[in-house]
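Text of the file data-v3.cif, holding mmCIF, C-alpha atoms:
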```cif
data_work
#
loop_
_atom_site.label_atom_id
_atom_site.label_comp_id
_atom_site.auth_asym_id
_atom_site.auth_seq_id
_atom_site.Cartn_x
_atom_site.Cartn_y
_atom_site.Cartn_z
CA MET W 1 98.85 126.98 30.19
CA ALA W 2 95.14 126.70 31.06
CA PRO W 3 95.07 122.86 30.83
CA VAL W 4 98.01 122.70 33.27
CA ILE W 5 96.10 124.87 35.76
CA LEU W 6 93.02 122.68 35.40
CA LEU W 7 95.04 119.53 36.04
CA ARG W 8 96.60 121.09 39.13
CA HIS W 9 93.17 121.72 40.66
CA ALA W 10 91.38 118.63 39.35
CA GLU W 11 91.81 116.73 42.62
CA SER W 12 91.26 119.73 44.91
CA ARG W 13 88.42 119.29 47.36
CA ILE W 14 86.29 121.76 49.30
CA ASN W 15 87.31 121.65 52.94
CA ASP W 16 85.08 124.27 54.60
CA VAL W 17 81.78 126.12 54.17
CA GLN W 18 80.79 129.00 56.41
CA VAL W 19 77.79 131.32 56.48
CA ARG W 20 77.15 134.67 58.16
CA VAL W 21 73.96 136.70 58.51
CA TYR W 22 73.84 140.50 58.52
CA ASP W 23 70.90 142.84 59.12
CA VAL W 24 71.36 146.29 57.59
CA PRO W 25 68.86 149.04 58.53
CA THR W 26 67.46 151.14 55.71
CA ASP W 27 68.32 154.84 55.75
CA TYR W 28 64.59 155.68 55.52
CA PRO W 29 61.54 153.42 55.95
CA GLU W 30 60.88 151.59 52.67
CA ALA W 31 57.64 150.19 51.22
CA ASP W 32 56.14 149.06 47.95
CA GLY W 33 52.59 148.21 46.94
CA THR W 34 52.35 145.09 49.12
CA LEU W 35 55.12 145.19 51.74
CA ALA W 36 57.01 147.52 54.09
CA TRP W 37 60.43 147.03 55.73
CA ASN W 38 63.12 148.88 57.67
CA ALA W 39 66.06 146.47 57.30
CA THR W 40 67.56 144.13 54.72
CA THR W 41 69.14 140.76 55.54
CA VAL W 42 72.32 139.66 53.76
CA ILE W 43 73.29 135.96 53.70
CA LEU W 44 77.04 135.65 53.06
CA ALA W 45 78.51 132.25 52.17
CA THR W 46 82.24 131.49 52.17
CA ILE W 47 83.71 128.31 50.64
CA ARG W 48 87.34 127.28 51.11
CA CYS W 49 89.41 124.90 49.06
CA GLY W 50 93.09 124.61 49.95
CA GLY W 51 94.46 128.12 50.08
CA TYR W 52 91.59 129.60 48.04
CA GLU W 53 88.35 131.19 49.21
CA GLY W 54 85.17 132.00 47.32
CA MET W 55 82.48 134.38 48.56
CA GLY W 56 78.84 134.75 47.54
CA TYR W 57 75.70 136.30 48.94
CA SER W 58 71.97 136.64 48.60
CA TYR W 59 69.26 138.76 50.17
CA ALA W 60 67.00 136.41 52.12
CA HIS W 61 65.56 135.52 55.51
CA ARG W 62 68.13 134.31 58.03
CA ALA W 63 66.56 130.86 57.77
CA ALA W 64 68.56 130.48 54.55
CA ALA W 65 71.74 130.37 56.66
CA SER W 66 70.60 127.22 58.47
CA ILE W 67 70.00 125.52 55.11
CA ILE W 68 73.53 126.40 54.00
CA ALA W 69 74.96 125.08 57.27
CA ALA W 70 73.11 121.80 56.62
CA PRO W 71 72.27 120.16 54.25
CA LEU W 72 74.06 122.25 51.59
CA ARG W 73 77.38 122.09 53.41
CA GLU W 74 77.15 118.30 53.34
CA CYS W 75 76.85 118.42 49.52
CA LEU W 76 79.99 120.54 49.21
CA VAL W 77 82.63 119.40 51.69
CA GLY W 78 84.89 116.86 50.02
CA ALA W 79 83.61 117.71 46.51
CA SER W 80 85.47 119.35 43.64
CA PRO W 81 84.67 123.07 43.17
CA MET W 82 85.42 122.64 39.46
CA ASP W 83 82.15 120.74 38.95
CA ILE W 84 79.57 123.46 39.61
CA PRO W 85 76.77 121.78 37.59
CA THR W 86 77.13 118.60 39.65
CA LEU W 87 77.14 120.50 42.93
CA TRP W 88 74.14 122.59 41.83
CA MET W 89 72.11 119.45 41.07
CA ASP W 90 73.21 117.82 44.33
CA MET W 91 72.15 120.89 46.34
CA ASN W 92 68.76 120.98 44.64
CA ARG W 93 68.19 117.29 45.32
CA SER W 94 69.15 117.71 48.97
CA LEU W 95 66.19 120.09 49.46
CA ARG W 96 63.56 117.72 48.09
CA ASN W 97 61.91 117.12 51.46
CA ILE W 98 62.72 120.55 52.89
CA GLY W 99 61.33 122.62 50.02
CA ARG W 100 63.28 124.18 47.17
CA PRO W 101 61.25 127.25 46.17
CA GLY W 102 61.76 130.29 48.34
CA THR W 103 64.31 130.13 51.12
CA GLY W 104 65.85 126.91 49.83
CA LEU W 105 66.80 128.31 46.44
CA MET W 106 67.90 131.60 47.97
CA ALA W 107 70.34 129.59 50.10
CA ILE W 108 71.56 127.76 47.00
CA SER W 109 71.97 131.15 45.31
CA ALA W 110 74.45 132.42 47.88
CA VAL W 111 76.44 129.18 47.65
CA ASP W 112 76.38 129.10 43.84
CA HIS W 113 77.76 132.65 43.69
CA ALA W 114 80.54 131.59 46.06
CA LEU W 115 81.32 128.54 43.93
CA TRP W 116 81.75 130.64 40.78
CA ASP W 117 83.97 133.05 42.71
CA LEU W 118 86.03 130.18 44.11
CA LYS W 119 86.45 128.34 40.80
CA ALA W 120 87.48 131.52 38.98
CA ARG W 121 90.02 132.40 41.69
CA MET W 122 91.49 128.91 41.60
CA LEU W 123 91.92 129.23 37.83
CA GLY W 124 93.34 132.73 38.15
CA VAL W 125 90.63 134.39 36.04
CA SER W 126 87.59 136.60 36.57
CA VAL W 127 84.06 135.18 36.67
CA VAL W 128 83.40 137.24 33.53
CA HIS W 129 86.21 135.49 31.66
CA LEU W 130 85.13 132.13 33.04
CA MET W 131 81.60 132.63 31.66
CA GLY W 132 82.63 134.44 28.47
CA ARG W 133 81.88 138.08 27.80
CA ALA W 134 79.02 139.31 25.62
CA ARG W 135 79.28 142.99 26.56
CA GLU W 136 81.60 145.29 28.46
CA LYS W 137 79.14 147.85 29.81
CA ILE W 138 76.01 146.72 31.66
CA PRO W 139 73.05 149.10 31.10
CA LEU W 140 71.19 150.06 34.27
CA TYR W 141 68.06 151.74 35.45
CA GLY W 142 67.93 153.66 38.72
CA SER W 143 65.38 152.12 41.08
CA GLY W 144 63.84 153.22 44.37
CA GLY W 145 61.03 155.72 44.74
CA PHE W 146 59.40 153.80 47.58
CA THR W 147 55.75 154.44 48.44
CA SER W 148 56.84 155.36 51.97
CA TYR W 149 58.69 158.41 50.60
CA ASP W 150 57.06 161.82 50.61
CA ILE W 151 56.98 163.72 47.33
CA THR W 152 60.17 165.66 48.05
CA LEU W 153 62.25 162.58 48.88
CA LEU W 154 60.73 160.76 45.91
CA GLN W 155 61.65 163.53 43.49
CA ASN W 156 65.12 164.02 44.95
CA GLN W 157 66.10 160.37 44.74
CA LEU W 158 64.94 159.75 41.19
CA SER W 159 66.19 163.06 39.82
CA ARG W 160 69.58 162.24 41.38
CA PHE W 161 69.66 159.05 39.30
CA ALA W 162 68.86 161.06 36.17
CA ASN W 163 71.60 163.57 36.99
CA GLN W 164 74.08 160.67 37.35
CA GLY W 165 73.48 159.64 33.77
CA PHE W 166 70.78 157.00 34.19
CA THR W 167 68.50 157.10 31.16
CA ARG W 168 65.76 155.14 32.98
CA VAL W 169 64.37 155.35 36.52
CA LYS W 170 61.75 153.30 38.36
CA MET W 171 59.38 154.12 41.21
CA LYS W 172 57.02 152.09 43.38
CA VAL W 173 53.23 152.41 43.19
CA GLY W 174 50.22 150.60 44.57
CA THR W 175 50.10 151.30 48.32
CA THR W 176 47.57 154.10 47.86
CA PRO W 177 46.39 153.85 44.26
CA GLU W 178 44.43 157.08 44.47
CA GLU W 179 47.71 158.94 45.02
CA ASP W 180 49.67 157.17 42.29
CA PRO W 181 48.81 159.55 39.42
CA GLN W 182 49.98 162.55 41.45
CA ARG W 183 53.20 160.82 42.48
CA VAL W 184 53.98 159.71 38.93
CA ALA W 185 53.37 163.23 37.65
CA ALA W 186 55.70 164.63 40.33
CA VAL W 187 58.49 162.25 39.31
CA ARG W 188 58.05 163.06 35.62
CA GLU W 189 58.38 166.75 36.48
CA ALA W 190 61.55 166.07 38.50
CA ILE W 191 63.38 163.88 35.96
CA GLY W 192 62.45 165.81 32.83
CA LYS W 193 61.15 164.51 29.52
CA ASP W 194 64.30 162.73 28.31
CA THR W 195 64.51 160.08 31.07
CA SER W 196 62.36 156.95 30.70
CA LEU W 197 59.97 156.43 33.61
CA MET W 198 59.12 152.95 34.91
CA VAL W 199 56.62 151.95 37.61
CA ASP W 200 56.41 148.83 39.78
CA ALA W 201 53.16 147.84 41.53
CA ASN W 202 54.50 144.66 43.18
CA GLY W 203 51.20 142.92 42.44
CA ALA W 204 49.05 145.51 44.24
CA TYR W 205 46.46 146.22 41.53
CA THR W 206 43.48 144.29 40.22
CA ARG W 207 43.46 143.56 36.50
CA GLU W 208 41.00 146.33 35.63
CA GLN W 209 42.69 148.78 37.98
CA ALA W 210 46.06 148.06 36.37
CA VAL W 211 44.81 148.87 32.88
CA ALA W 212 43.09 152.05 34.08
CA MET W 213 46.30 153.12 35.83
CA ALA W 214 48.35 152.30 32.75
CA GLU W 215 46.20 154.63 30.67
CA THR W 216 46.70 157.40 33.23
CA PHE W 217 50.43 156.75 33.49
CA ALA W 218 50.75 156.90 29.71
CA HIS W 219 50.00 160.64 29.89
CA HIS W 220 53.33 160.92 31.75
CA ASP W 221 55.19 158.73 29.24
CA VAL W 222 55.54 155.72 31.53
CA SER W 223 57.22 153.02 29.46
CA TRP W 224 57.30 150.06 31.88
CA LEU W 225 54.59 148.51 34.08
CA GLU W 226 56.06 145.91 36.42
CA GLU W 227 54.04 143.26 38.19
CA PRO W 228 50.73 145.13 37.87
CA VAL W 229 49.04 142.06 39.37
CA SER W 230 50.50 139.07 41.18
CA SER W 231 53.08 137.18 39.14
CA ASP W 232 51.04 134.05 39.86
CA ASP W 233 48.19 135.49 37.79
CA LEU W 234 49.62 134.62 34.39
CA GLU W 235 46.28 135.02 32.61
CA GLY W 236 45.92 138.44 34.21
CA LEU W 237 49.39 139.52 33.12
CA ARG W 238 48.67 138.41 29.56
CA TRP W 239 45.31 140.22 29.57
CA ILE W 240 46.93 143.41 30.88
CA ARG W 241 49.71 143.12 28.32
CA ASP W 242 47.04 143.01 25.59
CA HIS W 243 45.25 146.10 26.95
CA VAL W 244 47.92 148.59 28.07
CA PRO W 245 48.72 151.56 25.79
CA GLY W 246 51.14 150.90 22.95
CA GLY W 247 54.81 151.20 23.83
CA MET W 248 54.34 150.26 27.49
CA GLN W 249 56.17 147.06 28.45
CA VAL W 250 54.71 144.65 30.99
CA ALA W 251 57.39 142.91 33.08
CA ALA W 252 57.49 140.27 35.83
CA GLY W 253 59.49 137.26 36.95
CA GLU W 254 61.46 138.47 39.96
CA TYR W 255 59.90 135.73 42.10
CA GLY W 256 60.90 133.01 39.67
CA TRP W 257 62.56 130.09 41.45
CA ASP W 258 63.31 127.63 38.68
CA THR W 259 63.05 126.97 34.96
CA ASP W 260 59.53 125.54 35.31
CA TYR W 261 58.33 128.86 36.76
CA PHE W 262 59.94 130.86 33.96
CA ARG W 263 58.74 128.44 31.28
CA ARG W 264 55.12 128.81 32.42
CA MET W 265 55.38 132.60 32.38
CA LEU W 266 56.91 132.64 28.91
CA ALA W 267 54.49 130.06 27.51
CA HIS W 268 51.57 132.21 28.68
CA GLU W 269 53.08 135.19 26.79
CA ALA W 270 52.61 137.06 30.05
CA VAL W 271 55.52 139.52 29.76
CA ASP W 272 57.38 141.69 27.29
CA VAL W 273 60.54 141.44 29.43
CA LEU W 274 61.39 138.57 31.80
CA GLN W 275 62.90 139.61 35.11
CA ILE W 276 65.38 137.20 36.70
CA ASP W 277 66.92 137.46 40.17
CA SER W 278 70.16 135.55 40.68
CA THR W 279 69.73 135.72 44.47
CA ARG W 280 66.43 133.80 44.20
CA CYS W 281 66.69 131.41 41.26
CA GLY W 282 69.74 129.40 42.28
CA GLY W 283 72.57 131.82 41.62
CA PHE W 284 74.44 132.39 38.38
CA THR W 285 73.76 128.81 37.32
CA GLY W 286 70.00 129.29 37.64
CA PHE W 287 70.16 132.73 36.03
CA ILE W 288 71.96 131.40 32.94
CA LYS W 289 69.34 128.65 32.56
CA ALA W 290 66.46 131.15 32.79
CA ALA W 291 68.10 133.59 30.37
CA ALA W 292 68.63 130.80 27.82
CA LEU W 293 64.98 129.82 28.15
CA ALA W 294 63.89 133.42 27.54
CA GLU W 295 66.12 133.63 24.49
CA GLY W 296 64.31 130.60 23.10
CA TYR W 297 61.06 132.59 23.36
CA HIS W 298 62.71 135.73 21.87
CA ILE W 299 62.01 137.63 25.09
CA PRO W 300 64.71 139.91 26.54
CA VAL W 301 65.68 139.69 30.20
CA SER W 302 66.24 142.23 32.95
CA ALA W 303 68.12 141.44 36.17
CA HIS W 304 66.21 142.22 39.36
CA CYS W 305 68.13 144.04 42.13
CA SER W 306 71.66 143.11 43.41
CA PRO W 307 73.28 145.28 40.72
CA HIS W 308 76.96 144.66 41.42
CA LEU W 309 76.44 140.90 41.61
CA HIS W 310 74.33 140.80 38.45
CA ALA W 311 76.91 142.81 36.53
CA HIS W 312 79.03 139.68 36.29
CA VAL W 313 76.48 137.22 34.89
CA CYS W 314 74.86 139.94 32.77
CA SER W 315 78.19 140.54 31.09
CA SER W 316 77.67 137.09 29.60
CA VAL W 317 73.98 136.50 28.77
CA GLY W 318 72.52 137.22 25.35
CA GLN W 319 69.29 139.23 25.13
CA LEU W 320 69.79 141.62 28.04
CA ASP W 321 67.77 144.83 28.37
CA HIS W 322 69.22 146.10 31.65
CA VAL W 323 70.03 145.55 35.33
CA GLU W 324 68.10 147.14 38.19
CA TYR W 325 70.31 149.51 40.17
CA PHE W 326 68.15 149.06 43.26
CA TYR W 327 68.87 151.81 45.75
CA ASP W 328 68.83 149.66 48.89
CA HIS W 329 71.09 146.94 47.49
CA ALA W 330 73.49 149.36 45.80
CA ARG W 331 73.90 151.12 49.14
CA ILE W 332 74.52 147.85 51.01
CA GLU W 333 77.00 146.53 48.46
CA ALA W 334 79.00 149.75 48.67
CA ILE W 335 79.12 149.36 52.47
CA PHE W 336 80.13 145.68 52.32
CA PHE W 337 82.61 145.33 49.48
CA ASP W 338 85.69 146.78 47.87
CA GLY W 339 86.29 146.05 44.19
CA LEU W 340 82.74 146.64 42.97
CA PRO W 341 82.07 147.03 39.25
CA VAL W 342 82.56 150.66 38.24
CA LEU W 343 79.49 152.90 37.86
CA ALA W 344 79.68 155.54 35.14
CA GLY W 345 77.10 157.06 32.82
CA GLY W 346 74.27 154.84 33.99
CA ALA W 347 76.22 151.61 33.36
CA LEU W 348 78.40 149.18 35.30
CA THR W 349 81.71 147.80 34.06
CA VAL W 350 83.30 144.71 35.60
CA ASP W 351 87.07 144.70 35.96
CA ALA W 352 87.77 141.50 34.05
CA GLU W 353 91.42 141.47 35.17
CA GLN W 354 90.52 140.84 38.82
CA PRO W 355 90.18 137.19 39.88
CA GLY W 356 86.76 135.80 40.74
CA LEU W 357 84.10 138.39 41.41
CA GLY W 358 86.85 140.89 42.20
CA MET W 359 85.12 141.83 45.44
CA THR W 360 86.55 141.71 48.97
CA LEU W 361 84.57 142.03 52.17
CA LYS W 362 85.17 145.15 54.25
CA GLN W 363 85.17 143.13 57.46
CA LYS W 364 85.61 146.00 59.91
CA ASP W 365 82.81 148.00 58.28
CA VAL W 366 80.27 145.17 58.35
CA ASP W 367 80.89 143.58 61.76
CA ARG W 368 78.38 145.93 63.37
CA TYR W 369 75.62 144.40 61.20
CA LEU W 370 76.45 140.77 62.05
CA VAL W 371 73.60 138.89 63.74
CA ALA W 372 74.61 135.24 63.25
CA ALA W 373 77.73 133.28 62.30
#
```
In structure tokens, how does this file's structure come out?
Amino acid sequence: MAPVILLRHAESRINDVQVRVYDVPTDYPEADGTLAWNATTVILATIRCGGYEGMGYSYAHRAAASIIAAPLRECLVGASPMDIPTLWMDMNRSLRNIGRPGTGLMAISAVDHALWDLKARMLGVSVVHLMGRAREKIPLYGSGGFTSYDITLLQNQLSRFANQGFTRVKMKVGTTPEEDPQRVAAVREAIGKDTSLMVDANGAYTREQAVAMAETFAHHDVSWLEEPVSSDDLEGLRWIRDHVPGGMQVAAGEYGWDTDYFRRMLAHEAVDVLQIDSTRCGGFTGFIKAAALAEGYHIPVSAHCSPHLHAHVCSSVGQLDHVEYFYDHARIEAIFFDGLPVLAGGALTVDAEQPGLGMTLKQKDVDRYLVAA
């Protein structure tokens, strides 16, 4: 039956591409070691082909919407949604003179997610079945613990993750390094000894400072040191990886835009775990390429943020450690969509019987956040 379905859609052509921009305020002010914010922008792309519609999103500046409106739309309208690799290459080429890294690839990410959703819906299958399933349950770690939180809020949020069944939690450090040891100790006290504790400096430390902090954090059984220095400092990451206490993983990669970026990081042996963000690296298509590259280096991957979106592609990739259940994005996705992957016991499970991504926009709930269409 599948070949008949493919033949039926072989000549179908994309007839419309739309994009909307939403700004969602945070429930509390949020900050990490190098940035502070009080709202998150969602870029939502919709692609139509005949009577079918695919939806995808990314978290980016609203400038990404103008790139989707043109030139990406020009690459898509009149093309076959069955040929995602062709469309992905065409979109990348169209940004040659505009600039691919950054906003350009985040725009492609939203569109690529929508293309996978559309193709799967047209074929009457889930994205998970379209990609092929490697696992049913997607392991998570609870993430938040912003440096803008006081100790009470910090402890409450991360202990709530632990009480929900998350075996790992992550907090932010680096805004005020002199306070980091006290904050880490407070979280360890709140989550107990059986929950793994991870910290993320977002590039705020110097090399020497990072190693000194790692030695202090080790007294509280911290098992993960993320982006201790800038991800652009590959020599620094490798040096830190060689000097942190045994059993502490060094991770980075969330700002990876393309395979060249990830290849350089892996070739430098800069990380124990490679982080990949589907909303930044060109969508599911870019994520799969980066994960395959990491597998070639025998380095596991971890998906950065956007947990319900990443649950789909991470059902498929090989050497997966976990997906970041980032508090801000998990909250937004629950506001925006019905049909999210099911959270239970610190893991997400995709409903593989639902077509496409299985998610539908809660239009009435999100209209109040709309800022551009």
Under the PyMOL selection byres ((chain W and resi 314-330) around 7), which residues of this model are included? Write them out as a PDB file with C-alpha atoms, in the frame of the given file.
```
ATOM      1  CA  VAL W 128      83.400 137.240  33.530  1.00  0.00           C
ATOM      2  CA  MET W 131      81.600 132.630  31.660  1.00  0.00           C
ATOM      3  CA  GLY W 132      82.630 134.440  28.470  1.00  0.00           C
ATOM      4  CA  ARG W 133      81.880 138.080  27.800  1.00  0.00           C
ATOM      5  CA  ALA W 134      79.020 139.310  25.620  1.00  0.00           C
ATOM      6  CA  ARG W 135      79.280 142.990  26.560  1.00  0.00           C
ATOM      7  CA  GLU W 136      81.600 145.290  28.460  1.00  0.00           C
ATOM      8  CA  ILE W 138      76.010 146.720  31.660  1.00  0.00           C
ATOM      9  CA  PRO W 139      73.050 149.100  31.100  1.00  0.00           C
ATOM     10  CA  LEU W 140      71.190 150.060  34.270  1.00  0.00           C
ATOM     11  CA  TYR W 141      68.060 151.740  35.450  1.00  0.00           C
ATOM     12  CA  GLY W 142      67.930 153.660  38.720  1.00  0.00           C
ATOM     13  CA  SER W 143      65.380 152.120  41.080  1.00  0.00           C
ATOM     14  CA  GLY W 144      63.840 153.220  44.370  1.00  0.00           C
ATOM     15  CA  ILE W 288      71.960 131.400  32.940  1.00  0.00           C
ATOM     16  CA  ALA W 291      68.100 133.590  30.370  1.00  0.00           C
ATOM     17  CA  GLU W 295      66.120 133.630  24.490  1.00  0.00           C
ATOM     18  CA  PRO W 300      64.710 139.910  26.540  1.00  0.00           C
ATOM     19  CA  VAL W 301      65.680 139.690  30.200  1.00  0.00           C
ATOM     20  CA  SER W 302      66.240 142.230  32.950  1.00  0.00           C
ATOM     21  CA  ALA W 303      68.120 141.440  36.170  1.00  0.00           C
ATOM     22  CA  HIS W 304      66.210 142.220  39.360  1.00  0.00           C
ATOM     23  CA  CYS W 305      68.130 144.040  42.130  1.00  0.00           C
ATOM     24  CA  SER W 306      71.660 143.110  43.410  1.00  0.00           C
ATOM     25  CA  PRO W 307      73.280 145.280  40.720  1.00  0.00           C
ATOM     26  CA  HIS W 310      74.330 140.800  38.450  1.00  0.00           C
ATOM     27  CA  ALA W 311      76.910 142.810  36.530  1.00  0.00           C
ATOM     28  CA  HIS W 312      79.030 139.680  36.290  1.00  0.00           C
ATOM     29  CA  VAL W 313      76.480 137.220  34.890  1.00  0.00           C
ATOM     30  CA  ARG W 331      73.900 151.120  49.140  1.00  0.00           C
ATOM     31  CA  ILE W 332      74.520 147.850  51.010  1.00  0.00           C
ATOM     32  CA  GLU W 333      77.000 146.530  48.460  1.00  0.00           C
ATOM     33  CA  ALA W 334      79.000 149.750  48.670  1.00  0.00           C
TER      34      ALA W 334
END
```
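Using all atoms listed in the file for every distance, the candidate list W:Thr360, W:Ser223, W:Thr167, W:Gln249 yields W:Thr360 as the residue closest to W:Asp117.
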For stretch 68-125 of chain W versus stretch 16-34 of chain W, which residues have an atom no more than 8 Å away, and what is each residue's nearest atom pair and distance in Å rounded to one decimal, using only C-alpha atoms, chain-then-number order, as JSON lines?
```
{"residue": "W:Ile68", "atom": "CA", "partner": "W:Val19", "partner_atom": "CA", "distance": 7.0}
{"residue": "W:Ala69", "atom": "CA", "partner": "W:Val19", "partner_atom": "CA", "distance": 6.9}
{"residue": "W:Arg73", "atom": "CA", "partner": "W:Val17", "partner_atom": "CA", "distance": 6.0}
{"residue": "W:Leu76", "atom": "CA", "partner": "W:Val17", "partner_atom": "CA", "distance": 7.7}
{"residue": "W:Val77", "atom": "CA", "partner": "W:Asp16", "partner_atom": "CA", "distance": 6.2}
```
Could you write out as a ChimeraX atom specification the residues that the PyMOL selection byres ((chain W and resi 355) around 6) matches in the shown file? /W:121,124-126,354,356,358
List the neighbours of W:Leu158 out to 10 Å using all atoms listed in the file; skip same-chain residues closer than 5 positions along the sequence, and give me the result as an mmCIF file with C-alpha atoms, in the coordinates of the input.
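Written output follows (part09.cif):
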```cif
data_model
loop_
_atom_site.group_PDB
_atom_site.id
_atom_site.type_symbol
_atom_site.label_atom_id
_atom_site.label_comp_id
_atom_site.auth_asym_id
_atom_site.auth_seq_id
_atom_site.Cartn_x
_atom_site.Cartn_y
_atom_site.Cartn_z
ATOM 1 C CA GLY W 142 67.930 153.660 38.720
ATOM 2 C CA SER W 143 65.380 152.120 41.080
ATOM 3 C CA GLY W 144 63.840 153.220 44.370
ATOM 4 C CA GLY W 145 61.030 155.720 44.740
ATOM 5 C CA LEU W 153 62.250 162.580 48.880
ATOM 6 C CA ASN W 163 71.600 163.570 36.990
ATOM 7 C CA GLN W 164 74.080 160.670 37.350
ATOM 8 C CA PHE W 166 70.780 157.000 34.190
ATOM 9 C CA ARG W 168 65.760 155.140 32.980
ATOM 10 C CA VAL W 169 64.370 155.350 36.520
ATOM 11 C CA LYS W 170 61.750 153.300 38.360
ATOM 12 C CA MET W 171 59.380 154.120 41.210
ATOM 13 C CA VAL W 187 58.490 162.250 39.310
ATOM 14 C CA ARG W 188 58.050 163.060 35.620
ATOM 15 C CA ALA W 190 61.550 166.070 38.500
ATOM 16 C CA ILE W 191 63.380 163.880 35.960
ATOM 17 C CA LEU W 197 59.970 156.430 33.610
ATOM 18 C CA TYR W 327 68.870 151.810 45.750
#
```
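Distance-wise, atom CA of W:Trp224 and atom CA of W:Thr103 end up 28.6 Å apart.
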Computed interatomic separation between atom CA of W:Asn15 and atom CA of W:Gly78 (Å): 6.1 Å
Considering all atoms listed in the file, can you say which of W:Ala186, W:Ala347, W:Leu130, W:Val244 comes closest to W:Ala214? W:Val244
Take the PyMOL selection byres ((chain W and resi 218) around 12), run it mentally on this structure, and tell me the resulting residues as an MDAnalysis selection string. chainID W and resid 181 184:185 188 196:199 211:217 219:225 244:249
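If you look at atom CA of W:Val127 and atom CA of W:His61, they are 26.4 Å away from each other.
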Pull the closest atom pair for each residue of stretch 94-180 of chain W that gets at most 8 Å from stretch 39-59 of chain W, along with the distance in Å to one decimal, counting all atoms listed in the file, ordering rows by chain and then ascending residue number, as JSON lines.
```
{"residue": "W:Met106", "atom": "CA", "partner": "W:Ser58", "partner_atom": "CA", "distance": 6.5}
{"residue": "W:Ala107", "atom": "CA", "partner": "W:Ser58", "partner_atom": "CA", "distance": 7.4}
{"residue": "W:Ser109", "atom": "CA", "partner": "W:Ser58", "partner_atom": "CA", "distance": 6.4}
{"residue": "W:Ala110", "atom": "CA", "partner": "W:Tyr57", "partner_atom": "CA", "distance": 4.2}
{"residue": "W:Val111", "atom": "CA", "partner": "W:Ala45", "partner_atom": "CA", "distance": 5.8}
{"residue": "W:Asp112", "atom": "CA", "partner": "W:Gly56", "partner_atom": "CA", "distance": 7.2}
{"residue": "W:His113", "atom": "CA", "partner": "W:Gly56", "partner_atom": "CA", "distance": 4.5}
{"residue": "W:Ala114", "atom": "CA", "partner": "W:Gly56", "partner_atom": "CA", "distance": 3.9}
{"residue": "W:Leu115", "atom": "CA", "partner": "W:Gly54", "partner_atom": "CA", "distance": 6.2}
{"residue": "W:Trp116", "atom": "CA", "partner": "W:Gly54", "partner_atom": "CA", "distance": 7.5}
{"residue": "W:Asp117", "atom": "CA", "partner": "W:Gly54", "partner_atom": "CA", "distance": 4.9}
{"residue": "W:Leu118", "atom": "CA", "partner": "W:Gly54", "partner_atom": "CA", "distance": 3.8}
{"residue": "W:Lys119", "atom": "CA", "partner": "W:Gly54", "partner_atom": "CA", "distance": 7.6}
{"residue": "W:Arg121", "atom": "CA", "partner": "W:Tyr52", "partner_atom": "CA", "distance": 7.1}
{"residue": "W:Met122", "atom": "CA", "partner": "W:Tyr52", "partner_atom": "CA", "distance": 6.5}
```
What does the file look like for those residues with C-alpha atoms, as a JSON list (two decimals), in the frame of the given file?
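New file again_15.json:
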```json
[["chain", "number", "residue", "atom", "x", "y", "z"],
["W", 106, "MET", "CA", 67.90, 131.60, 47.97],
["W", 107, "ALA", "CA", 70.34, 129.59, 50.10],
["W", 109, "SER", "CA", 71.97, 131.15, 45.31],
["W", 110, "ALA", "CA", 74.45, 132.42, 47.88],
["W", 111, "VAL", "CA", 76.44, 129.18, 47.65],
["W", 112, "ASP", "CA", 76.38, 129.10, 43.84],
["W", 113, "HIS", "CA", 77.76, 132.65, 43.69],
["W", 114, "ALA", "CA", 80.54, 131.59, 46.06],
["W", 115, "LEU", "CA", 81.32, 128.54, 43.93],
["W", 116, "TRP", "CA", 81.75, 130.64, 40.78],
["W", 117, "ASP", "CA", 83.97, 133.05, 42.71],
["W", 118, "LEU", "CA", 86.03, 130.18, 44.11],
["W", 119, "LYS", "CA", 86.45, 128.34, 40.80],
["W", 121, "ARG", "CA", 90.02, 132.40, 41.69],
["W", 122, "MET", "CA", 91.49, 128.91, 41.60]]
```
One residue among W:Ala64, W:Val173, W:Leu95, W:Leu234 is nearest to W:Tyr205 when using only C-alpha atoms, and that residue is W:Val173
Point out the residue among W:Gly104, W:Gly99, W:Gly256, W:Pro81 with the least atom-to-atom distance to W:Ile67, counting all atoms listed in the file. W:Gly104
With all atoms listed in the file as the counted atoms, please give the residues lying no more than 8 Å from stretch 236-240 of chain W, apart from itself and same-chain residues fewer than 3 positions off, as a PDB file with C-alpha atoms, in the coordinates of the input.
```
ATOM      1  CA  ARG W 207      43.460 143.560  36.500  1.00  0.00           C
ATOM      2  CA  ALA W 210      46.060 148.060  36.370  1.00  0.00           C
ATOM      3  CA  VAL W 211      44.810 148.870  32.880  1.00  0.00           C
ATOM      4  CA  GLU W 227      54.040 143.260  38.190  1.00  0.00           C
ATOM      5  CA  PRO W 228      50.730 145.130  37.870  1.00  0.00           C
ATOM      6  CA  VAL W 229      49.040 142.060  39.370  1.00  0.00           C
ATOM      7  CA  SER W 231      53.080 137.180  39.140  1.00  0.00           C
ATOM      8  CA  ASP W 233      48.190 135.490  37.790  1.00  0.00           C
ATOM      9  CA  HIS W 243      45.250 146.100  26.950  1.00  0.00           C
ATOM     10  CA  VAL W 244      47.920 148.590  28.070  1.00  0.00           C
ATOM     11  CA  VAL W 250      54.710 144.650  30.990  1.00  0.00           C
ATOM     12  CA  HIS W 268      51.570 132.210  28.680  1.00  0.00           C
ATOM     13  CA  GLU W 269      53.080 135.190  26.790  1.00  0.00           C
ATOM     14  CA  ALA W 270      52.610 137.060  30.050  1.00  0.00           C
ATOM     15  CA  VAL W 271      55.520 139.520  29.760  1.00  0.00           C
TER      16      VAL W 271
END
```
